[in-house]
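Structure first, then comments.
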Amino acid sequence: MQATIQNESLTLTVDTHGAEAVSVRNAAGQEMLWQGDKSVWGRHAPILFPWTGKLAGGILTHAGKSYKGGQHGFARDLEHTLLDAGPDCIRLELRADEEIKASRFPYDFVLTSTFRLEGRTVHHTLTVENPAGAAEPLQFGIGYHPAFAVPFDDAHTTADYEFRFDRPESPVILDARPNGLLSGRCYYQWKNAAAIQLEDHMFDSDSFCMAGLRSETLGIYEKDTGRNITCNIAGYPYTLIWSARTETIRFVCIEPWHSLPAAEADGPSWRKRAAAATLAPGERWETTLSTTFDR
């Protein structure tokens with residue numbers, strides 16, 4: 001099922017499968033989200049919960065039991081309950097049920113997704129709650145993974161785009177090559193850079209996980225026109241940039257995360273996993289990604 005809200009600038013459509021934004025169109029009707037070509041990458045803007053990245057060995061263990069888990073958790077792969085569908089917001093909810101707790105993740109949780117429009121900006125708030133009657137604290141990871149269609153039109157190519165910070169940056173890149181698990185190594189790919197040129201093969205070795213950013217925003221910009229899509233990354237300890245490995249760039253992802261993939265040395269123990277937060281029963285936590293579509 002899908003729900004749509006709109007204002008004078010944007011039309012947003014969200015699917016209850018994964019609580020995923022699947023379309024953002026501007027006032028001229030132009031689509032700005034990647035449309036999920038399965039031959040390249042079949043998603044649009046998935047939620048990453050209750051972990052980001054991979055699990056060591058593809059499993060987590062808790063209280064002597066093992067749970068198999070794929071990349072980026074499972075919230076993106078499940079049906080969410082639609083609570084509100086406009087006119088001003090879309091709100092969805094995913095609750096841990098007995099099937100989830102038995103086969104995927106042993107903790108109680110309530111994950112709420114709220115989408116709002118404000119001018120040319122989409123605000124997506126994720127709220128995590130450990131229910132008051134839960135038996136134990138809830139430890140979780142969380143992040144965003146929106147994909148933006150590039151180039152913006154047929155008159156431009158990859159070379160016409162760059163990522164821009166709002167101040168010069170020398171991000172520390174946390175190395176997760178070649179298997180998606182943190183190696184414990186880090187390096188500098190760019191130094192004192194206000195912009196990163198988009199190149200067709202720059203993601204052939206996967207994403208760049210940037211730590212230590214001071215910028216409040218990171219956007220993808222069309223250099224000759226200034227048209228851009230910009231994410232507010234203030235307060236996020238990690239921001240990734242990524243695209244699927246293709247001959248020419250078809251989309252780019254800007255991914256603010258509150259947690260990291262597992263490290264090679266972690267093993268499967270969930271308690272050793274770096275988390276966004278740990279909530280006692282009855283506690284809540286929330287974060288918002290605000291994305292402005294100035295094109």
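Residues in the structure tokens are numbered from 1 in each chain, the chains being A, B, ... in the order shown, and ligands are numbered from 1 in the order shown.
Proximity to range 230-241 of chain A at 6 Å, evaluated using only C-alpha atoms and with sequence-adjacent residues fewer than 6 positions away removed, yields Ser207, Phe208, Cys209, Met210, Ala211, Glu216, Thr217, Leu218, Gly219, Cys253, Ile254, Glu255, Pro256, Trp257, His258, Ser290, Thr291 and Thr292 of chain A.
All residues in range 41-275 of chain A with a DSSP state of helix (DSSP H, G or I), computed from the backbone, read Ala56, Gly57, Gly58, Ala75, Arg76, Asp77, Glu98, Glu99, Ile100, Lys101, Ala102, Ser103, Thr158, Ala159, Asp160, Trp270, Arg271 and Lys272 of chain A.
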How would the residues just chosen look if you wrote them out with all heavy atoms as a compact mmCIF listing (two decimals), in the first residue's frame?
```
# COMPACT_ATOMS: atom_id res chain seq x y z
N ALA A 56 28.89 -9.63 11.75
CA ALA A 56 30.03 -10.53 11.62
C ALA A 56 29.53 -11.96 11.44
O ALA A 56 28.77 -12.47 12.26
CB ALA A 56 30.91 -10.43 12.85
N GLY A 57 29.90 -12.57 10.32
CA GLY A 57 29.45 -13.92 10.04
C GLY A 57 28.00 -14.01 9.66
O GLY A 57 27.45 -15.12 9.51
N GLY A 58 27.31 -12.86 9.51
CA GLY A 58 25.91 -12.86 9.13
C GLY A 58 24.97 -13.30 10.22
O GLY A 58 23.80 -13.62 9.96
N ALA A 75 14.09 -3.98 8.90
CA ALA A 75 12.93 -3.08 8.82
C ALA A 75 12.58 -2.74 7.38
O ALA A 75 11.40 -2.55 7.04
CB ALA A 75 13.18 -1.80 9.62
N ARG A 76 13.57 -2.67 6.52
CA ARG A 76 13.34 -2.32 5.11
C ARG A 76 12.61 -3.42 4.35
O ARG A 76 12.11 -3.18 3.24
CB ARG A 76 14.68 -2.02 4.43
CG ARG A 76 15.63 -3.21 4.38
CD ARG A 76 16.96 -2.83 3.76
NE ARG A 76 17.79 -4.01 3.55
CZ ARG A 76 18.91 -4.01 2.81
NH1 ARG A 76 19.32 -2.90 2.24
NH2 ARG A 76 19.62 -5.12 2.66
N ASP A 77 12.57 -4.64 4.91
CA ASP A 77 12.00 -5.78 4.20
C ASP A 77 10.64 -6.22 4.73
O ASP A 77 10.09 -7.20 4.23
CB ASP A 77 12.97 -6.97 4.30
CG ASP A 77 14.30 -6.69 3.63
OD1 ASP A 77 14.29 -6.11 2.53
OD2 ASP A 77 15.34 -7.05 4.20
N GLU A 98 6.01 -11.84 17.86
CA GLU A 98 6.62 -13.09 18.28
C GLU A 98 7.47 -13.70 17.17
O GLU A 98 8.52 -14.29 17.43
CB GLU A 98 5.55 -14.07 18.76
CG GLU A 98 4.88 -13.65 20.06
CD GLU A 98 5.88 -13.32 21.16
OE1 GLU A 98 6.80 -14.14 21.40
OE2 GLU A 98 5.76 -12.23 21.77
N GLU A 99 7.03 -13.55 15.92
CA GLU A 99 7.82 -14.09 14.80
C GLU A 99 9.16 -13.37 14.68
O GLU A 99 10.21 -14.00 14.49
CB GLU A 99 7.02 -13.96 13.50
CG GLU A 99 7.65 -14.67 12.30
CD GLU A 99 8.78 -13.88 11.63
OE1 GLU A 99 8.71 -12.64 11.65
OE2 GLU A 99 9.73 -14.50 11.11
N ILE A 100 9.14 -12.03 14.77
CA ILE A 100 10.39 -11.26 14.70
C ILE A 100 11.31 -11.65 15.84
O ILE A 100 12.51 -11.89 15.65
CB ILE A 100 10.09 -9.76 14.72
CG1 ILE A 100 9.44 -9.31 13.41
CG2 ILE A 100 11.36 -8.94 15.00
CD1 ILE A 100 8.97 -7.86 13.40
N LYS A 101 10.78 -11.74 17.05
CA LYS A 101 11.61 -12.03 18.21
C LYS A 101 12.15 -13.47 18.19
O LYS A 101 13.23 -13.75 18.70
CB LYS A 101 10.83 -11.77 19.49
CG LYS A 101 10.52 -10.30 19.71
CD LYS A 101 9.56 -10.06 20.85
CE LYS A 101 10.17 -10.42 22.18
NZ LYS A 101 9.26 -10.11 23.29
N ALA A 102 11.43 -14.36 17.55
CA ALA A 102 11.87 -15.75 17.50
C ALA A 102 12.92 -15.99 16.41
O ALA A 102 13.81 -16.82 16.60
CB ALA A 102 10.68 -16.68 17.26
N SER A 103 12.83 -15.25 15.30
CA SER A 103 13.67 -15.59 14.15
C SER A 103 14.62 -14.49 13.69
O SER A 103 15.58 -14.79 12.97
CB SER A 103 12.78 -15.99 12.96
OG SER A 103 11.97 -14.90 12.55
N THR A 158 27.80 12.52 -15.65
CA THR A 158 28.42 12.37 -14.33
C THR A 158 29.38 13.50 -14.02
O THR A 158 29.42 14.01 -12.88
CB THR A 158 29.16 11.02 -14.25
OG1 THR A 158 28.25 9.96 -14.52
CG2 THR A 158 29.78 10.82 -12.87
N ALA A 159 30.17 13.92 -15.00
CA ALA A 159 31.20 14.93 -14.78
C ALA A 159 30.62 16.28 -14.37
O ALA A 159 31.36 17.15 -13.86
CB ALA A 159 32.05 15.11 -16.04
N ASP A 160 29.33 16.48 -14.55
CA ASP A 160 28.69 17.75 -14.21
C ASP A 160 28.26 17.85 -12.76
O ASP A 160 27.66 18.85 -12.36
CB ASP A 160 27.46 17.97 -15.10
CG ASP A 160 27.82 18.09 -16.56
OD1 ASP A 160 28.80 18.77 -16.87
OD2 ASP A 160 27.10 17.48 -17.40
N TRP A 270 25.85 -9.63 20.14
CA TRP A 270 25.16 -8.36 19.94
C TRP A 270 25.62 -7.31 20.93
O TRP A 270 25.68 -6.12 20.60
CB TRP A 270 23.65 -8.58 20.04
CG TRP A 270 22.84 -7.36 19.74
CD1 TRP A 270 22.08 -6.63 20.60
CD2 TRP A 270 22.74 -6.69 18.48
NE1 TRP A 270 21.49 -5.56 19.96
CE2 TRP A 270 21.88 -5.57 18.64
CE3 TRP A 270 23.29 -6.93 17.21
CZ2 TRP A 270 21.56 -4.71 17.60
CZ3 TRP A 270 22.96 -6.07 16.17
CH2 TRP A 270 22.11 -4.98 16.37
N ARG A 271 25.96 -7.70 22.13
CA ARG A 271 26.36 -6.74 23.16
C ARG A 271 27.68 -6.07 22.84
O ARG A 271 27.98 -5.00 23.36
CB ARG A 271 26.44 -7.44 24.53
CG ARG A 271 25.08 -7.82 25.10
CD ARG A 271 24.18 -6.62 25.26
NE ARG A 271 22.93 -6.96 25.93
CZ ARG A 271 21.88 -6.16 25.98
NH1 ARG A 271 21.92 -4.99 25.37
NH2 ARG A 271 20.79 -6.53 26.60
N LYS A 272 28.50 -6.66 21.98
CA LYS A 272 29.76 -6.05 21.60
C LYS A 272 29.61 -5.08 20.43
O LYS A 272 30.55 -4.37 20.09
CB LYS A 272 30.79 -7.13 21.24
CG LYS A 272 31.24 -7.97 22.42
CD LYS A 272 32.33 -8.95 21.99
CE LYS A 272 32.83 -9.78 23.16
NZ LYS A 272 33.89 -10.73 22.75
```
Using only C-alpha atoms, which residues of range 197-282 of chain A come within 9 Å of range 30-45 of chain A, and what is the closest atom pair for each, with the distance in Å to one decimal? Give it as a tab-separated table, sorted by chain and residue number.
```
residue	atom	partner	partner_atom	distance
A:Ile229	CA	A:Met32	CA	8.7
A:Ser243	CA	A:Trp41	CA	8.9
A:Ala244	CA	A:Val40	CA	6.6
A:Arg245	CA	A:Val40	CA	8.0
A:Thr246	CA	A:Val40	CA	7.5
A:Arg250	CA	A:Trp34	CA	8.1
A:Phe251	CA	A:Trp34	CA	6.2
A:Val252	CA	A:Trp34	CA	8.4
A:Cys253	CA	A:Ala45	CA	8.6
```
Exercise for the section: Find the residues near Ile5 in chain A: any atom within 7 Å, counting only C-alpha atoms, skip ones fewer than 4 places away on the same chain, and give them as a VMD selection string. Expected result: chain A and resid 11 to 13 86 to 89
Please produce a file of the residues just selected, as a PDB file, in the first residue's frame, where the atoms kept are N, CA and C atoms.
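Heads up, here's the output in selection.pdb:
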```
ATOM      1  N   THR A  11       5.756  16.455  -4.129  1.00  0.00           N
ATOM      2  CA  THR A  11       4.804  15.365  -3.936  1.00  0.00           C
ATOM      3  C   THR A  11       5.594  14.146  -3.482  1.00  0.00           C
ATOM      4  N   LEU A  12       5.259  13.627  -2.302  1.00  0.00           N
ATOM      5  CA  LEU A  12       5.989  12.520  -1.682  1.00  0.00           C
ATOM      6  C   LEU A  12       5.090  11.302  -1.596  1.00  0.00           C
ATOM      7  N   THR A  13       5.596  10.152  -2.031  1.00  0.00           N
ATOM      8  CA  THR A  13       4.878   8.887  -1.907  1.00  0.00           C
ATOM      9  C   THR A  13       5.723   7.917  -1.094  1.00  0.00           C
ATOM     10  N   GLY A  86      -1.807  11.647   5.735  1.00  0.00           N
ATOM     11  CA  GLY A  86      -2.091  12.992   5.284  1.00  0.00           C
ATOM     12  C   GLY A  86      -3.207  13.657   6.064  1.00  0.00           C
ATOM     13  N   PRO A  87      -3.517  14.915   5.711  1.00  0.00           N
ATOM     14  CA  PRO A  87      -2.935  15.655   4.587  1.00  0.00           C
ATOM     15  C   PRO A  87      -1.544  16.217   4.842  1.00  0.00           C
ATOM     16  N   ASP A  88      -1.111  16.252   6.116  1.00  0.00           N
ATOM     17  CA  ASP A  88       0.147  16.923   6.432  1.00  0.00           C
ATOM     18  C   ASP A  88       1.304  15.977   6.698  1.00  0.00           C
ATOM     19  N   CYS A  89       1.031  14.718   6.988  1.00  0.00           N
ATOM     20  CA  CYS A  89       2.117  13.797   7.293  1.00  0.00           C
ATOM     21  C   CYS A  89       1.703  12.378   6.963  1.00  0.00           C
TER      22      CYS A  89
END
```
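With distances restricted to only C-alpha atoms, A:Gly212 is the closest residue to Pro171 in chain A from A:Gly143, A:Gly69, A:Gly212, A:Pro50.
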